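Shown next, in structure tokens, is the structure this report addresses.
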Amino acid sequence: MQRTVRAPEATQAGQRATPARRAELSARIIATLAALGLIVLIAIGSRGLRDFDSALIGYAVATVFTVAALAYRYTLWIGRPPTWRYFKAGWVNFLSVKNFLRYTLLIPKAWWTDILAQTFILKRGALRWIMHMCIFWGVILSLAVTLPLTFGWIRFTLIPPDGYQAWFFGFPIFTFPIAAGTGFAIFHALDFSAVLLIVGLTIALWRRLVNAGLLVIQRFGFDLMPLVLLVAIAVTGLALTADSAWFAGRFYWFISLTHQAVVVLWLISIPFGKFFHIIQRPASIGVTLYQTVNQDIEHYGAQPQTGRCKRCGQQLPSEQFVTDLKATLNDLGQHYDLGGDHGALQDYCPTCKRVLRGQAYYGLMGKRFL
Amino acid sequence: MAAAVKTLFVDPSRCIGCRSCEAACRECDSHKGESMVMVDFMDRDLSVATQPTVCMHCQDPVAPCAQVCPVLAILITPDGVVQMAEPSRCIGCRNCVYACPFGVPKFDTQARLMKKCNLCYDRTSQGVQPYCSQVCPTHALWYGDYEEFANSRVGHPANLTAFGEQSVRTRVYFVLPDETQKLDISALLDEASAQQRAGARPREEAWVL
């Protein structure tokens, strides 16, 4: 099923025009600086473009555009009241020596559970986890190889008779024999990542074709298009190797142009579509740190010292969380103060919020039946 | 609200606590085995009164849950239906769970994912009513448009709930007595406490021993 969705606009009272314009101006400046920074790095890393491969210019230009668009969206994104509050608190908590001594292993552990091994996806489903790990590592490995190559940061020179010298930013890094496993692994790294991607994408597409739950809510542009683009990238990438190995490069020009076109499409779609979550996910580490520091995360085993629901006494997330949430709502122009002894709505657990509403309703209705 | 827009009408006075809505909701493939509708007892040891809760799909302020989401995981359809968190984005901060004025979003701690009622969007976007209203035996949950409701049911459908000074206009309606334009939570709770203090409304005997 195809449907379009939008993110919510902030409440009118919560966002005045001037700060919005200022935020947009900052975002434009940061985006321009990010793009210029990357261009300068490309110039330096490729030794004044001497090592820059002009055949790959499409990739480089698309990446510069993507970096600018990502910086623009990222700046606007973190400027939103809830995001900014977590962003600020996350960094304050991270840069605290006290926190570092107390929670030394927390950040590496969070990197493992949230980013590298993504164990939370395992809890959403084993097949889903295998799928996501394949796609994640396939994309990361591909980017790690492709981007430095297209920027001219990495190059290889022949050391006769059968050796290669790898260079990075104009500096010699290491040498290796062409026929050895190292050479094979390096020159076929993108083939390995393509195979990983194809495994993950096959599972993903299969899920999206047969899972009834997904069938009813998935959107073509948001959920399917990124998968289709990645399939096209992986298949055309593997076809390049196959063409060189078995067809004497007869279709190489066509395949490489097609490959470049789909990669460029995918790159410029990152800031606008599903793949923006690659940029957003590390925020979960900041949130984990925030919650842990506030003694509020079960899965790290910290002793919870939480706030309590005003009505039933059940534990809420930390008092700091509730205070920050009220401040965020306040920034958005929303004030849920029930007045009198009732306190604020955020002082209640979700069940008690419902019961309060029900009690108010039955206070109005008595034993009437409509 | 335009007459043609179909939505849910919630009438707690008709709820008999049978939990058919919960059972039907659990059947949905998008959150298999877990109900996004909640039926709560108001005062379990004193009354059989229950209330079904579905997402009210707040319109003004638009979706507080989505507004407090730091990663924009909660999206809203053009027809004003607030969707459950997009799994690729949700970072499990629980802002939405505690910001929602109606106590709707559920949080899966293990999967670190928020889930909530999305008005059976797969069904309602195709003109089919939600599971919960389809199975509700007393029409405590009823699906249709405003005119249709006004022509066939008693009571005043109101989509305004006041929490102190903060009013929230929703896509989903509560059914209130004819003279009542909004559900004013603070005022009604204050009134109930005052009546109880004055002895005008004595607490009833417990019916469950």
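In the structure tokens, the first chain shown is A, the next is B, and so on; residue numbers restart at 1 for each chain, and ligands run from 1 in the order shown.
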Using only C-alpha atoms, what table do you get, as JSON lines, when you list each residue of chain A with an atom no more than 7 Å from chain B, its nearest pair of atoms, and their distance in Å rounded to one decimal, rows by chain then rising number?
{"residue": "A:Thr4", "atom": "CA", "partner": "B:Thr77", "partner_atom": "CA", "distance": 6.2}
{"residue": "A:Val5", "atom": "CA", "partner": "B:Thr77", "partner_atom": "CA", "distance": 4.3}
{"residue": "A:Arg6", "atom": "CA", "partner": "B:Ile76", "partner_atom": "CA", "distance": 5.2}
{"residue": "A:Ala7", "atom": "CA", "partner": "B:Leu75", "partner_atom": "CA", "distance": 4.9}
{"residue": "A:Pro8", "atom": "CA", "partner": "B:Gln67", "partner_atom": "CA", "distance": 6.2}
{"residue": "A:Ala10", "atom": "CA", "partner": "B:Gln67", "partner_atom": "CA", "distance": 6.3}
{"residue": "A:Thr11", "atom": "CA", "partner": "B:Pro61", "partner_atom": "CA", "distance": 5.8}
{"residue": "A:Pro82", "atom": "CA", "partner": "B:Pro70", "partner_atom": "CA", "distance": 4.9}
{"residue": "A:Thr83", "atom": "CA", "partner": "B:Pro70", "partner_atom": "CA", "distance": 4.1}
{"residue": "A:Phe120", "atom": "CA", "partner": "B:Ala111", "partner_atom": "CA", "distance": 5.1}
{"residue": "A:Ile121", "atom": "CA", "partner": "B:Ala111", "partner_atom": "CA", "distance": 6.4}
{"residue": "A:Lys123", "atom": "CA", "partner": "B:Ala111", "partner_atom": "CA", "distance": 5.0}
{"residue": "A:Arg124", "atom": "CA", "partner": "B:Ala111", "partner_atom": "CA", "distance": 5.3}
{"residue": "A:Ala212", "atom": "CA", "partner": "B:Asp29", "partner_atom": "CA", "distance": 5.9}
{"residue": "A:Gly213", "atom": "CA", "partner": "B:Ser30", "partner_atom": "CA", "distance": 3.8}
{"residue": "A:Leu214", "atom": "CA", "partner": "B:Ser30", "partner_atom": "CA", "distance": 6.5}
{"residue": "A:Val216", "atom": "CA", "partner": "B:Asp122", "partner_atom": "CA", "distance": 5.2}
{"residue": "A:Ile217", "atom": "CA", "partner": "B:Asp122", "partner_atom": "CA", "distance": 6.4}
{"residue": "A:His277", "atom": "CA", "partner": "B:Arg89", "partner_atom": "CA", "distance": 5.6}
{"residue": "A:Gln280", "atom": "CA", "partner": "B:Val71", "partner_atom": "CA", "distance": 6.6}
{"residue": "A:Arg281", "atom": "CA", "partner": "B:Arg89", "partner_atom": "CA", "distance": 6.8}
{"residue": "A:Ser284", "atom": "CA", "partner": "B:Ile91", "partner_atom": "CA", "distance": 5.1}
{"residue": "A:Val287", "atom": "CA", "partner": "B:Cys93", "partner_atom": "CA", "distance": 6.3}
{"residue": "A:Leu325", "atom": "CA", "partner": "B:Asn95", "partner_atom": "CA", "distance": 6.8}
{"residue": "A:Thr328", "atom": "CA", "partner": "B:Val68", "partner_atom": "CA", "distance": 6.9}
{"residue": "A:Gln334", "atom": "CA", "partner": "B:Gln166", "partner_atom": "CA", "distance": 6.7}
{"residue": "A:His335", "atom": "CA", "partner": "B:Gln166", "partner_atom": "CA", "distance": 5.8}
{"residue": "A:Tyr336", "atom": "CA", "partner": "B:Gln166", "partner_atom": "CA", "distance": 5.7}
{"residue": "A:Asp337", "atom": "CA", "partner": "B:Gly164", "partner_atom": "CA", "distance": 5.7}
{"residue": "A:Leu338", "atom": "CA", "partner": "B:Gly164", "partner_atom": "CA", "distance": 4.4}
{"residue": "A:Gly339", "atom": "CA", "partner": "B:Gly164", "partner_atom": "CA", "distance": 6.1}
{"residue": "A:Leu345", "atom": "CA", "partner": "B:Pro101", "partner_atom": "CA", "distance": 6.8}
{"residue": "A:Gln346", "atom": "CA", "partner": "B:Tyr98", "partner_atom": "CA", "distance": 6.0}
{"residue": "A:Pro350", "atom": "CA", "partner": "B:Gly103", "partner_atom": "CA", "distance": 4.0}
{"residue": "A:Thr351", "atom": "CA", "partner": "B:Gly103", "partner_atom": "CA", "distance": 6.2}
{"residue": "A:Lys353", "atom": "CA", "partner": "B:Gly103", "partner_atom": "CA", "distance": 5.4}
{"residue": "A:Arg354", "atom": "CA", "partner": "B:Gly103", "partner_atom": "CA", "distance": 5.6}
{"residue": "A:Val355", "atom": "CA", "partner": "B:Met42", "partner_atom": "CA", "distance": 5.6}
{"residue": "A:Arg357", "atom": "CA", "partner": "B:Ile185", "partner_atom": "CA", "distance": 6.1}
{"residue": "A:Gly358", "atom": "CA", "partner": "B:Met42", "partner_atom": "CA", "distance": 6.2}
{"residue": "A:Gln359", "atom": "CA", "partner": "B:Met42", "partner_atom": "CA", "distance": 6.1}
{"residue": "A:Ala360", "atom": "CA", "partner": "B:Leu188", "partner_atom": "CA", "distance": 5.1}
{"residue": "A:Gly363", "atom": "CA", "partner": "B:Ala192", "partner_atom": "CA", "distance": 6.1}
{"residue": "A:Leu364", "atom": "CA", "partner": "B:Leu188", "partner_atom": "CA", "distance": 6.7}
{"residue": "A:Phe369", "atom": "CA", "partner": "B:Ser13", "partner_atom": "CA", "distance": 5.5}
{"residue": "A:Leu370", "atom": "CA", "partner": "B:Val154", "partner_atom": "CA", "distance": 5.8}
Residues as selected, C-alpha atoms, written as a PDB file, in the first residue's frame, can you do that?
ATOM      1  CA  THR A   4       2.417   9.593   2.154  1.00  0.00           C
ATOM      2  CA  VAL A   5       3.182  10.828   5.600  1.00  0.00           C
ATOM      3  CA  ARG A   6       4.606  13.969   7.044  1.00  0.00           C
ATOM      4  CA  ALA A   7       6.436  14.884  10.198  1.00  0.00           C
ATOM      5  CA  PRO A   8       4.464  17.126  12.526  1.00  0.00           C
ATOM      6  CA  ALA A  10       5.533  22.417  15.760  1.00  0.00           C
ATOM      7  CA  THR A  11       2.695  24.146  17.568  1.00  0.00           C
ATOM      8  CA  PRO A  82      13.209  17.489  21.985  1.00  0.00           C
ATOM      9  CA  THR A  83      16.248  16.650  19.893  1.00  0.00           C
ATOM     10  CA  PHE A 120      17.834  -4.480  19.901  1.00  0.00           C
ATOM     11  CA  ILE A 121      16.842  -5.567  16.384  1.00  0.00           C
ATOM     12  CA  LYS A 123      14.616  -8.607  19.957  1.00  0.00           C
ATOM     13  CA  ARG A 124      12.375  -7.474  17.092  1.00  0.00           C
ATOM     14  CA  ALA A 212       1.093  -9.287   6.050  1.00  0.00           C
ATOM     15  CA  GLY A 213       1.930  -6.718   8.715  1.00  0.00           C
ATOM     16  CA  LEU A 214       4.468  -5.047   6.459  1.00  0.00           C
ATOM     17  CA  VAL A 216      -0.390  -3.194   4.930  1.00  0.00           C
ATOM     18  CA  ILE A 217       1.775  -0.346   6.153  1.00  0.00           C
ATOM     19  CA  HIS A 277      18.238   6.916  10.064  1.00  0.00           C
ATOM     20  CA  GLN A 280      19.916   9.515  13.449  1.00  0.00           C
ATOM     21  CA  ARG A 281      20.671   6.168  15.094  1.00  0.00           C
ATOM     22  CA  SER A 284      20.342   6.433  20.682  1.00  0.00           C
ATOM     23  CA  VAL A 287      19.771   8.775  24.918  1.00  0.00           C
ATOM     24  CA  LEU A 325       9.864  16.434  29.062  1.00  0.00           C
ATOM     25  CA  THR A 328      10.242  20.330  25.985  1.00  0.00           C
ATOM     26  CA  GLN A 334       2.029  23.056  25.546  1.00  0.00           C
ATOM     27  CA  HIS A 335       1.283  23.159  29.299  1.00  0.00           C
ATOM     28  CA  TYR A 336      -0.487  20.200  30.846  1.00  0.00           C
ATOM     29  CA  ASP A 337      -0.838  21.532  34.375  1.00  0.00           C
ATOM     30  CA  LEU A 338      -4.032  20.074  35.808  1.00  0.00           C
ATOM     31  CA  GLY A 339      -4.097  22.686  38.578  1.00  0.00           C
ATOM     32  CA  LEU A 345      -0.194  15.342  33.466  1.00  0.00           C
ATOM     33  CA  GLN A 346       3.379  14.138  32.982  1.00  0.00           C
ATOM     34  CA  PRO A 350       0.059   6.257  31.137  1.00  0.00           C
ATOM     35  CA  THR A 351      -2.483   4.005  32.878  1.00  0.00           C
ATOM     36  CA  LYS A 353      -3.671   9.287  32.772  1.00  0.00           C
ATOM     37  CA  ARG A 354      -6.329   7.078  31.214  1.00  0.00           C
ATOM     38  CA  VAL A 355      -7.991   6.383  34.548  1.00  0.00           C
ATOM     39  CA  ARG A 357      -9.751  10.809  32.194  1.00  0.00           C
ATOM     40  CA  GLY A 358     -12.201   7.971  32.810  1.00  0.00           C
ATOM     41  CA  GLN A 359     -12.945   9.173  36.324  1.00  0.00           C
ATOM     42  CA  ALA A 360     -13.565  12.678  35.026  1.00  0.00           C
ATOM     43  CA  GLY A 363     -17.930  12.139  37.207  1.00  0.00           C
ATOM     44  CA  LEU A 364     -19.759  13.898  34.389  1.00  0.00           C
ATOM     45  CA  PHE A 369     -26.193   5.720  29.627  1.00  0.00           C
ATOM     46  CA  LEU A 370     -26.223   7.498  26.292  1.00  0.00           C
TER      47      LEU A 370
END
Please provide as a list in words all residues within 8 Å of segment 58-63 of chain A, with the sequence filter that same-chain residues fewer than 6 positions apart are discarded (counting only C-alpha atoms).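 Non-adjacent residues within range: Leu147, Thr150, Phe151, Gln260, Ala261, Val263, Val264, Leu267 and Ile268 of chain A.
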For the residues in that selection, give me N, CA and C atoms as an mmCIF file, in the first residue's frame.
data_model
loop_
_atom_site.group_PDB
_atom_site.id
_atom_site.type_symbol
_atom_site.label_atom_id
_atom_site.label_comp_id
_atom_site.auth_asym_id
_atom_site.auth_seq_id
_atom_site.Cartn_x
_atom_site.Cartn_y
_atom_site.Cartn_z
ATOM 1 N N LEU A 147 34.138 5.606 -1.014
ATOM 2 C CA LEU A 147 34.331 7.049 -0.840
ATOM 3 C C LEU A 147 35.804 7.464 -0.930
ATOM 4 N N THR A 150 36.869 7.304 -4.568
ATOM 5 C CA THR A 150 36.321 8.324 -5.469
ATOM 6 C C THR A 150 36.861 9.712 -5.133
ATOM 7 N N PHE A 151 37.311 9.913 -3.887
ATOM 8 C CA PHE A 151 37.890 11.215 -3.514
ATOM 9 C C PHE A 151 39.362 11.313 -3.931
ATOM 10 N N GLN A 260 27.249 3.755 -11.659
ATOM 11 C CA GLN A 260 27.468 5.107 -11.139
ATOM 12 C C GLN A 260 26.134 5.852 -10.994
ATOM 13 N N ALA A 261 25.265 5.683 -11.984
ATOM 14 C CA ALA A 261 23.971 6.385 -11.949
ATOM 15 C C ALA A 261 23.139 5.943 -10.744
ATOM 16 N N VAL A 263 24.235 4.507 -7.965
ATOM 17 C CA VAL A 263 24.893 4.905 -6.711
ATOM 18 C C VAL A 263 24.636 6.393 -6.440
ATOM 19 N N VAL A 264 24.723 7.202 -7.496
ATOM 20 C CA VAL A 264 24.464 8.642 -7.336
ATOM 21 C C VAL A 264 23.027 8.860 -6.855
ATOM 22 N N LEU A 267 22.914 7.895 -3.233
ATOM 23 C CA LEU A 267 23.619 8.866 -2.380
ATOM 24 C C LEU A 267 22.764 10.108 -2.146
ATOM 25 N N ILE A 268 22.186 10.636 -3.229
ATOM 26 C CA ILE A 268 21.427 11.870 -3.036
ATOM 27 C C ILE A 268 20.066 11.624 -2.364
#
Please list as a ChimeraX atom specification every residue within 12 Å of segment 101-109 of chain A, counting only C-alpha atoms and excluding residues in the same chain fewer than 5 positions away. /A:90-91,93-96,114-119,282-295,297,299-302
Would you please give, as a list of chain:residue names, all residues of segment 201-349 of chain A that DSSP assigns to strand (DSSP E or B) based on the backbone? A:Arg308, A:Gln315, A:Asp337, A:Ala344
Please produce a file of the residues just selected, as a tab-separated table (two decimals), in the first residue's frame, where the atoms kept are N, CA and C atoms.
chain	number	residue	atom	x	y	z
A	308	ARG	N	8.07	8.74	40.71
A	308	ARG	CA	6.91	7.88	40.97
A	308	ARG	C	5.65	8.53	40.42
A	315	GLN	N	6.78	3.27	39.23
A	315	GLN	CA	7.94	4.05	38.85
A	315	GLN	C	7.80	4.65	37.45
A	337	ASP	N	-0.70	21.42	32.93
A	337	ASP	CA	-0.84	21.53	34.38
A	337	ASP	C	-2.32	21.39	34.73
A	344	ALA	N	1.00	18.08	37.24
A	344	ALA	CA	1.03	18.07	35.76
A	344	ALA	C	0.70	16.67	35.27
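Interatomic distance, atom CA of Trp167 of chain A against atom CA of Ile186 of chain A: 13.1 Å.
If you count only C-alpha atoms and ignore residues fewer than 3 places along the chain from Cys309 of chain A, what sits within 7 Å of it is Cys312, Gly313, Gln314, Gln315, Leu316, Asp347, Tyr348 and Cys349 of chain A.
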